[in-house]
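Shown next: work_27.cif, given as mmCIF, C-alpha atoms.
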data_run
#
loop_
_atom_site.group_PDB
_atom_site.id
_atom_site.type_symbol
_atom_site.label_atom_id
_atom_site.label_comp_id
_atom_site.auth_asym_id
_atom_site.auth_seq_id
_atom_site.Cartn_x
_atom_site.Cartn_y
_atom_site.Cartn_z
ATOM 1 C CA GLU K 1 30.419 40.644 6.985
ATOM 2 C CA PRO K 2 28.024 43.362 5.774
ATOM 3 C CA GLU K 3 29.503 45.781 3.292
ATOM 4 C CA VAL K 4 28.757 49.033 1.522
ATOM 5 C CA THR K 5 28.054 48.504 -2.160
ATOM 6 C CA GLN K 6 28.383 51.085 -4.897
ATOM 7 C CA THR K 7 27.160 51.019 -8.458
ATOM 8 C CA PRO K 8 28.267 51.384 -11.128
ATOM 9 C CA SER K 9 31.958 50.698 -10.646
ATOM 10 C CA HIS K 10 32.783 52.873 -13.645
ATOM 11 C CA GLN K 11 30.684 55.519 -15.357
ATOM 12 C CA VAL K 12 31.624 57.463 -18.448
ATOM 13 C CA THR K 13 29.537 60.495 -19.308
ATOM 14 C CA GLN K 14 29.693 63.530 -21.525
ATOM 15 C CA MET K 15 30.177 66.998 -20.142
ATOM 16 C CA GLY K 16 26.869 68.598 -19.266
ATOM 17 C CA GLN K 17 25.078 65.321 -18.626
ATOM 18 C CA GLU K 18 23.511 64.354 -15.320
ATOM 19 C CA VAL K 19 24.842 61.349 -13.438
ATOM 20 C CA ILE K 20 23.541 59.471 -10.435
ATOM 21 C CA LEU K 21 25.932 57.431 -8.351
ATOM 22 C CA ARG K 22 24.339 54.803 -6.153
ATOM 23 C CA CYS K 23 25.278 53.386 -2.798
ATOM 24 C CA VAL K 24 23.705 50.853 -0.485
ATOM 25 C CA PRO K 25 25.029 51.491 3.035
ATOM 26 C CA ILE K 26 25.139 48.862 5.739
ATOM 27 C CA SER K 27 21.590 48.354 6.930
ATOM 28 C CA ASN K 28 21.849 49.396 10.586
ATOM 29 C CA HIS K 29 24.077 52.390 9.897
ATOM 30 C CA LEU K 30 22.697 55.863 10.459
ATOM 31 C CA TYR K 31 25.395 58.163 9.053
ATOM 32 C CA PHE K 32 26.228 58.331 5.374
ATOM 33 C CA TYR K 33 28.972 60.101 3.498
ATOM 34 C CA TRP K 34 30.216 60.856 0.019
ATOM 35 C CA TYR K 35 33.867 61.532 -0.675
ATOM 36 C CA ARG K 36 35.778 61.979 -3.882
ATOM 37 C CA GLN K 37 39.369 61.439 -4.930
ATOM 38 C CA ILE K 38 40.702 63.046 -8.064
ATOM 39 C CA LEU K 39 43.414 60.891 -9.624
ATOM 40 C CA GLY K 40 46.695 61.366 -7.799
ATOM 41 C CA GLN K 41 45.193 63.627 -5.158
ATOM 42 C CA LYS K 42 43.950 63.183 -1.625
ATOM 43 C CA VAL K 43 40.499 62.086 -0.593
ATOM 44 C CA GLU K 44 38.093 65.014 -0.164
ATOM 45 C CA PHE K 45 34.925 65.196 1.864
ATOM 46 C CA LEU K 46 31.770 66.095 -0.019
ATOM 47 C CA VAL K 47 28.813 65.623 2.292
ATOM 48 C CA SER K 48 27.524 63.868 5.392
ATOM 49 C CA PHE K 49 23.897 62.815 5.771
ATOM 50 C CA TYR K 50 21.935 61.876 8.865
ATOM 51 C CA ASN K 51 18.272 61.583 9.706
ATOM 52 C CA ASN K 52 17.281 62.193 6.097
ATOM 53 C CA GLU K 53 19.071 65.469 5.765
ATOM 54 C CA ILE K 54 22.484 66.883 5.035
ATOM 55 C CA SER K 55 24.401 67.459 8.255
ATOM 56 C CA GLU K 56 27.587 68.888 6.734
ATOM 57 C CA LYS K 57 28.843 69.714 3.280
ATOM 58 C CA SER K 58 32.122 70.998 1.922
ATOM 59 C CA GLU K 59 32.758 73.894 -0.437
ATOM 60 C CA ILE K 60 33.014 71.367 -3.258
ATOM 61 C CA PHE K 61 29.381 70.343 -2.730
ATOM 62 C CA ASP K 62 27.796 73.208 -4.636
ATOM 63 C CA ASP K 63 24.371 73.486 -6.272
ATOM 64 C CA GLN K 64 25.402 70.982 -8.931
ATOM 65 C CA PHE K 65 25.412 68.226 -6.332
ATOM 66 C CA SER K 66 22.554 66.674 -4.429
ATOM 67 C CA VAL K 67 22.057 63.609 -2.260
ATOM 68 C CA GLU K 68 19.009 61.519 -1.545
ATOM 69 C CA ARG K 69 17.978 58.503 0.408
ATOM 70 C CA PRO K 70 14.929 57.697 -1.677
ATOM 71 C CA ASP K 71 13.811 54.380 -0.250
ATOM 72 C CA GLY K 72 15.497 53.686 3.066
ATOM 73 C CA SER K 73 18.259 51.560 1.580
ATOM 74 C CA ASN K 74 19.831 53.446 -1.322
ATOM 75 C CA PHE K 75 21.877 56.604 -0.883
ATOM 76 C CA THR K 76 22.499 58.503 -4.095
ATOM 77 C CA LEU K 77 24.740 61.313 -5.244
ATOM 78 C CA LYS K 78 23.511 63.295 -8.239
ATOM 79 C CA ILE K 79 25.634 65.628 -10.286
ATOM 80 C CA ARG K 80 23.314 67.744 -12.410
ATOM 81 C CA SER K 81 25.565 68.982 -15.186
ATOM 82 C CA THR K 82 28.923 67.288 -15.131
ATOM 83 C CA LYS K 83 32.149 69.129 -15.813
ATOM 84 C CA LEU K 84 35.495 67.720 -16.843
ATOM 85 C CA GLU K 85 36.836 68.444 -13.369
ATOM 86 C CA ASP K 86 34.207 66.173 -11.824
ATOM 87 C CA SER K 87 36.199 63.200 -13.116
ATOM 88 C CA ALA K 88 37.247 61.338 -9.994
ATOM 89 C CA MET K 89 36.678 58.274 -7.875
ATOM 90 C CA TYR K 90 33.611 58.753 -5.716
ATOM 91 C CA PHE K 91 33.435 56.807 -2.470
ATOM 92 C CA CYS K 92 30.379 56.236 -0.349
ATOM 93 C CA ALA K 93 30.794 55.387 3.327
ATOM 94 C CA SER K 94 28.550 54.702 6.263
ATOM 95 C CA SER K 95 28.915 54.418 10.014
ATOM 96 C CA GLU K 96 26.701 53.131 12.772
ATOM 97 C CA THR K 97 27.023 56.263 14.865
ATOM 98 C CA ARG K 98 28.786 59.565 14.408
ATOM 99 C CA ASN K 99 31.810 58.251 16.301
ATOM 100 C CA SER K 100 31.982 54.776 14.809
ATOM 101 C CA PRO K 101 34.442 53.434 12.235
ATOM 102 C CA LEU K 102 33.711 54.242 8.626
ATOM 103 C CA HIS K 103 32.850 51.503 6.160
ATOM 104 C CA PHE K 104 33.677 52.370 2.570
ATOM 105 C CA GLY K 105 32.290 51.129 -0.693
ATOM 106 C CA ASN K 106 34.671 50.194 -3.491
ATOM 107 C CA GLY K 107 34.034 53.453 -5.273
ATOM 108 C CA THR K 108 32.642 54.606 -8.601
ATOM 109 C CA ARG K 109 35.144 55.907 -11.096
ATOM 110 C CA LEU K 110 33.473 58.771 -12.956
ATOM 111 C CA THR K 111 35.013 59.882 -16.233
ATOM 112 C CA VAL K 112 33.628 63.024 -17.845
ATOM 113 C CA THR K 113 34.592 63.501 -21.480
ATOM 114 C CA LYS N 1 45.707 75.654 4.487
ATOM 115 C CA ASN N 2 45.976 72.007 5.476
ATOM 116 C CA GLU N 3 43.921 70.998 8.448
ATOM 117 C CA VAL N 4 45.651 67.621 8.480
ATOM 118 C CA GLU N 5 49.350 67.082 7.861
ATOM 119 C CA GLN N 6 50.911 63.666 7.429
ATOM 120 C CA SER N 7 54.528 62.638 7.336
ATOM 121 C CA PRO N 8 56.347 61.190 5.634
ATOM 122 C CA GLN N 9 54.663 61.389 2.228
ATOM 123 C CA ASN N 10 56.546 58.363 0.970
ATOM 124 C CA LEU N 11 58.230 55.590 2.891
ATOM 125 C CA THR N 12 60.196 52.583 1.740
ATOM 126 C CA ALA N 13 61.088 49.926 4.293
ATOM 127 C CA GLN N 14 62.699 46.523 4.378
ATOM 128 C CA GLU N 15 60.509 43.634 5.425
ATOM 129 C CA GLY N 16 60.553 43.310 9.194
ATOM 130 C CA GLU N 17 61.222 46.965 9.932
ATOM 131 C CA PHE N 18 59.220 48.976 12.449
ATOM 132 C CA ILE N 19 57.321 51.772 10.714
ATOM 133 C CA THR N 20 55.879 55.004 12.067
ATOM 134 C CA ILE N 21 53.548 57.355 10.220
ATOM 135 C CA ASN N 22 52.622 60.670 11.808
ATOM 136 C CA CYS N 23 49.546 62.854 11.608
ATOM 137 C CA SER N 24 49.036 66.354 12.991
ATOM 138 C CA TYR N 25 45.759 68.214 12.800
ATOM 139 C CA SER N 26 44.514 71.690 13.563
ATOM 140 C CA VAL N 27 40.745 71.290 13.829
ATOM 141 C CA GLY N 28 38.859 70.376 16.972
ATOM 142 C CA ILE N 29 37.865 66.754 16.723
ATOM 143 C CA SER N 30 35.895 64.051 18.445
ATOM 144 C CA ALA N 31 37.906 61.202 16.959
ATOM 145 C CA LEU N 32 40.623 60.433 14.432
ATOM 146 C CA HIS N 33 40.519 57.780 11.733
ATOM 147 C CA TRP N 34 43.378 55.846 10.205
ATOM 148 C CA LEU N 35 42.536 54.420 6.801
ATOM 149 C CA GLN N 36 44.355 52.130 4.413
ATOM 150 C CA GLN N 37 43.978 52.550 0.667
ATOM 151 C CA HIS N 38 44.975 49.516 -1.331
ATOM 152 C CA PRO N 39 46.786 49.765 -4.668
ATOM 153 C CA GLY N 40 43.463 48.982 -6.363
ATOM 154 C CA GLY N 41 41.896 52.047 -4.743
ATOM 155 C CA GLY N 42 39.665 50.491 -2.092
ATOM 156 C CA ILE N 43 39.669 52.113 1.362
ATOM 157 C CA VAL N 44 39.519 50.218 4.639
ATOM 158 C CA SER N 45 39.180 51.658 8.106
ATOM 159 C CA LEU N 46 42.029 50.568 10.377
ATOM 160 C CA PHE N 47 41.347 52.517 13.548
ATOM 161 C CA MET N 48 39.101 55.131 14.999
ATOM 162 C CA LEU N 49 40.395 56.579 18.223
ATOM 163 C CA SER N 50 39.679 59.514 20.461
ATOM 164 C CA SER N 51 42.266 58.923 23.196
ATOM 165 C CA GLY N 52 45.180 56.754 24.161
ATOM 166 C CA LYS N 53 46.193 53.783 22.115
ATOM 167 C CA LYS N 54 44.635 50.963 20.114
ATOM 168 C CA LYS N 55 46.233 47.777 18.829
ATOM 169 C CA HIS N 56 45.109 45.401 16.129
ATOM 170 C CA GLY N 57 47.533 42.671 15.195
ATOM 171 C CA ARG N 58 50.776 44.313 14.094
ATOM 172 C CA LEU N 59 49.207 47.758 13.918
ATOM 173 C CA ILE N 60 49.199 50.241 16.768
ATOM 174 C CA ALA N 61 47.638 53.703 16.743
ATOM 175 C CA THR N 62 48.178 56.377 19.346
ATOM 176 C CA ILE N 63 46.724 59.819 19.791
ATOM 177 C CA ASN N 64 47.629 62.805 21.930
ATOM 178 C CA ILE N 65 44.618 65.109 21.972
ATOM 179 C CA GLN N 66 46.431 67.967 23.712
ATOM 180 C CA GLU N 67 49.197 67.994 21.125
ATOM 181 C CA LYS N 68 46.789 67.244 18.240
ATOM 182 C CA HIS N 69 48.978 64.452 17.017
ATOM 183 C CA SER N 70 48.528 60.796 16.172
ATOM 184 C CA SER N 71 50.888 58.054 15.070
ATOM 185 C CA LEU N 72 50.345 54.774 13.280
ATOM 186 C CA HIS N 73 52.938 52.093 13.895
ATOM 187 C CA ILE N 74 53.443 48.864 12.011
ATOM 188 C CA THR N 75 55.584 46.250 13.690
ATOM 189 C CA ALA N 76 57.393 43.543 11.700
ATOM 190 C CA SER N 77 56.353 45.098 8.397
ATOM 191 C CA HIS N 78 55.505 42.829 5.479
ATOM 192 C CA PRO N 79 55.192 43.459 1.735
ATOM 193 C CA ARG N 80 51.418 43.052 2.026
ATOM 194 C CA ASP N 81 51.420 46.198 4.217
ATOM 195 C CA SER N 82 52.335 48.197 1.102
ATOM 196 C CA ALA N 83 49.523 50.707 0.666
ATOM 197 C CA VAL N 84 48.653 54.339 1.216
ATOM 198 C CA TYR N 85 47.833 55.168 4.835
ATOM 199 C CA ILE N 86 45.512 58.094 5.361
ATOM 200 C CA CYS N 87 44.692 60.079 8.466
ATOM 201 C CA ALA N 88 41.215 61.623 8.555
ATOM 202 C CA VAL N 89 39.580 63.829 11.159
ATOM 203 C CA PRO N 90 35.970 64.936 11.464
ATOM 204 C CA ASN N 91 35.514 68.359 12.984
ATOM 205 C CA THR N 92 32.870 68.955 15.618
ATOM 206 C CA GLY N 93 30.358 69.433 12.838
ATOM 207 C CA ASN N 94 31.160 66.043 11.236
ATOM 208 C CA GLN N 95 32.935 67.529 8.218
ATOM 209 C CA PHE N 96 35.946 65.367 7.407
ATOM 210 C CA TYR N 97 39.457 66.538 6.629
ATOM 211 C CA PHE N 98 41.932 64.156 5.073
ATOM 212 C CA GLY N 99 45.689 64.001 5.057
ATOM 213 C CA THR N 100 47.481 63.584 1.758
ATOM 214 C CA GLY N 101 48.393 60.039 2.697
ATOM 215 C CA THR N 102 51.647 58.191 3.264
ATOM 216 C CA SER N 103 52.613 55.805 0.506
ATOM 217 C CA LEU N 104 54.344 52.816 2.081
ATOM 218 C CA THR N 105 56.347 50.269 0.140
ATOM 219 C CA VAL N 106 57.753 47.292 2.016
ATOM 220 C CA ILE N 107 60.485 45.473 0.151
ATOM 221 C CA PRO N 108 61.003 41.731 0.726
#

structure tokens encoding of this file:
Amino acid sequence: EPEVTQTPSHQVTQMGQEVILRCVPISNHLYFYWYRQILGQKVEFLVSFYNNEISEKSEIFDDQFSVERPDGSNFTLKIRSTKLEDSAMYFCASSETRNSPLHFGNGTRLTVT
Amino acid sequence: KNEVEQSPQNLTAQEGEFITINCSYSVGISALHWLQQHPGGGIVSLFMLSSGKKKHGRLIATINIQEKHSSLHITASHPRDSAVYICAVPNTGNQFYFGTGTSLTVIP
């Protein structure tokens, strides 16, 4: 069964550094999402992406964050200047249509020191 | 404010028990998602529903759009059902709101 893949599984970075989290959604899916989960807290929505543009973003998704679909298969989340509070598990998900089930990647655990 | 409220937060059950997890939401939605988060952290979609009831194996999900309420039922619970169950709703703009999750432990 096709799956969403995320790399790396764990990333450690120093405060102030830029990080890029990578996701390969399922190939025929059209909607892409990034979520994050701070340790011990609930999952939070960051951004949804459709037709090569952001369709919705949360208050968390400020100017430090950006998303791209650079080559038709990868979907990336960039954090420009990481802060300690960006430490979390970041999940990518995709769906075939807006009202289809979500398929999640296994997540990237980001640790900012 | 919490757009999505789940109850209970924690639930311990004996193997074989019937389990119900509830979700209430305040935003206008097109569909509601039930997700399962494994102890290792991975998230799996269980159901997406916009009306009525869906069944998959021992899992049943219902939704009442007028009352803005959904329930997830597990029949004949098993220790492998132990996980966190999360209700998530996209608003009409496709921004998602998540419940805090229900941590279920099924004891043999």

Find the distance between CA of Glu56 in chain K and CA of Leu39 in chain K and write it in Å to one decimal.
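About the pair CA of Glu56 in chain K and CA of Leu39 in chain K: they are 24.1 Å apart.
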
Using the chain letters and numbers from the file, give me the residues hit by the PyMOL selection byres ((chain N) within 10 of (chain K)), as a list in words.
Ser30, Ala31, Leu32, His33, Trp34, Leu35, Gly40, Gly41, Gly42, Ile43, Val44, Ser45, Leu46, Phe47, Met48, Leu49, Ser50, Ile86, Ala88, Pro90, Gly93, Asn94, Gln95, Phe96, Tyr97, Phe98, Gly99, Thr100 and Gly101 of chain N

Report, in Å to a single decimal, how far apart CA of Glu3 in chain K and CA of Asp86 in chain K are.
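Separation between CA of Asp86 in chain K and CA of Glu3 in chain K: 25.8 Å.
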
Protein, DNA and RNA residues within 7 Å of (51.7, 53.4, -1.3), only C-alpha atoms, as a ChimeraX atom specification
/N:39,82-84,102-105

What's the separation between CA of Val4 in chain K and CA of Ser87 in chain K, in Å to one decimal place?
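So the answer is 21.7 Å.
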
Using the chain letters and numbering of this document, enumerate as a ChimeraX atom specification the residues selected by the PyMOL selection byres ((chain N and resi 13-28) around 8).
/N:3-8,11-12,29-30,68-79,87,89,91-92,99,102,104-108

Taking all listed atoms of range 76-86 of chain N, build the axis-aligned box, pad each of the six sides by 3 Å, then write its centre and edge lengths in Å to one decimal as AutoDock Vina command-line options.
--center_x 51.5 --center_y 50.5 --center_z 6.2 --size_x 17.9 --size_y 21.3 --size_z 17.0

So which residues get picked by the PyMOL selection byres ((chain K and resi 113) around 7) here, written as a PyMOL selection string?
chain K and resi 13-15+84+111-112

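You can rank K:Val19, K:Glu96, K:Val12, K:Ile26 by their closest distance to Asn74 in chain K using all atoms listed in the file, and at the top of that list sits K:Ile26.
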
Polymer residues at most 8 Å from Ser51 in chain N, all atoms listed in the file, same-chain spacing of 3 or more positions, as a ChimeraX atom specification:
/N:31,62-65

Please list as a list in words every residue within 10 Å of Asn51 in chain K, counting all atoms listed in the file and excluding residues in the same chain fewer than 2 positions away.
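So the residues in contact are Leu30, Tyr31, Phe32, Phe49, Glu53, Ile54, Ser55 and Arg69 of chain K.
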
List as a list in words the protein and nucleic acid residues near Thr7 in chain K, meaning an atom at most 8 Å away when only C-alpha atoms are counted, but skip any in the same chain fewer than 5 places from it.
Leu21, Arg22, Cys23, Gly107 and Thr108 of chain K

With all atoms listed in the file as the atoms that count, which of K:Asn52, K:Gln64, K:Gln11, K:Ser94 lies nearest to Ile79 in chain K?
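Distance minimum relative to Ile79 in chain K lands on K:Gln64.
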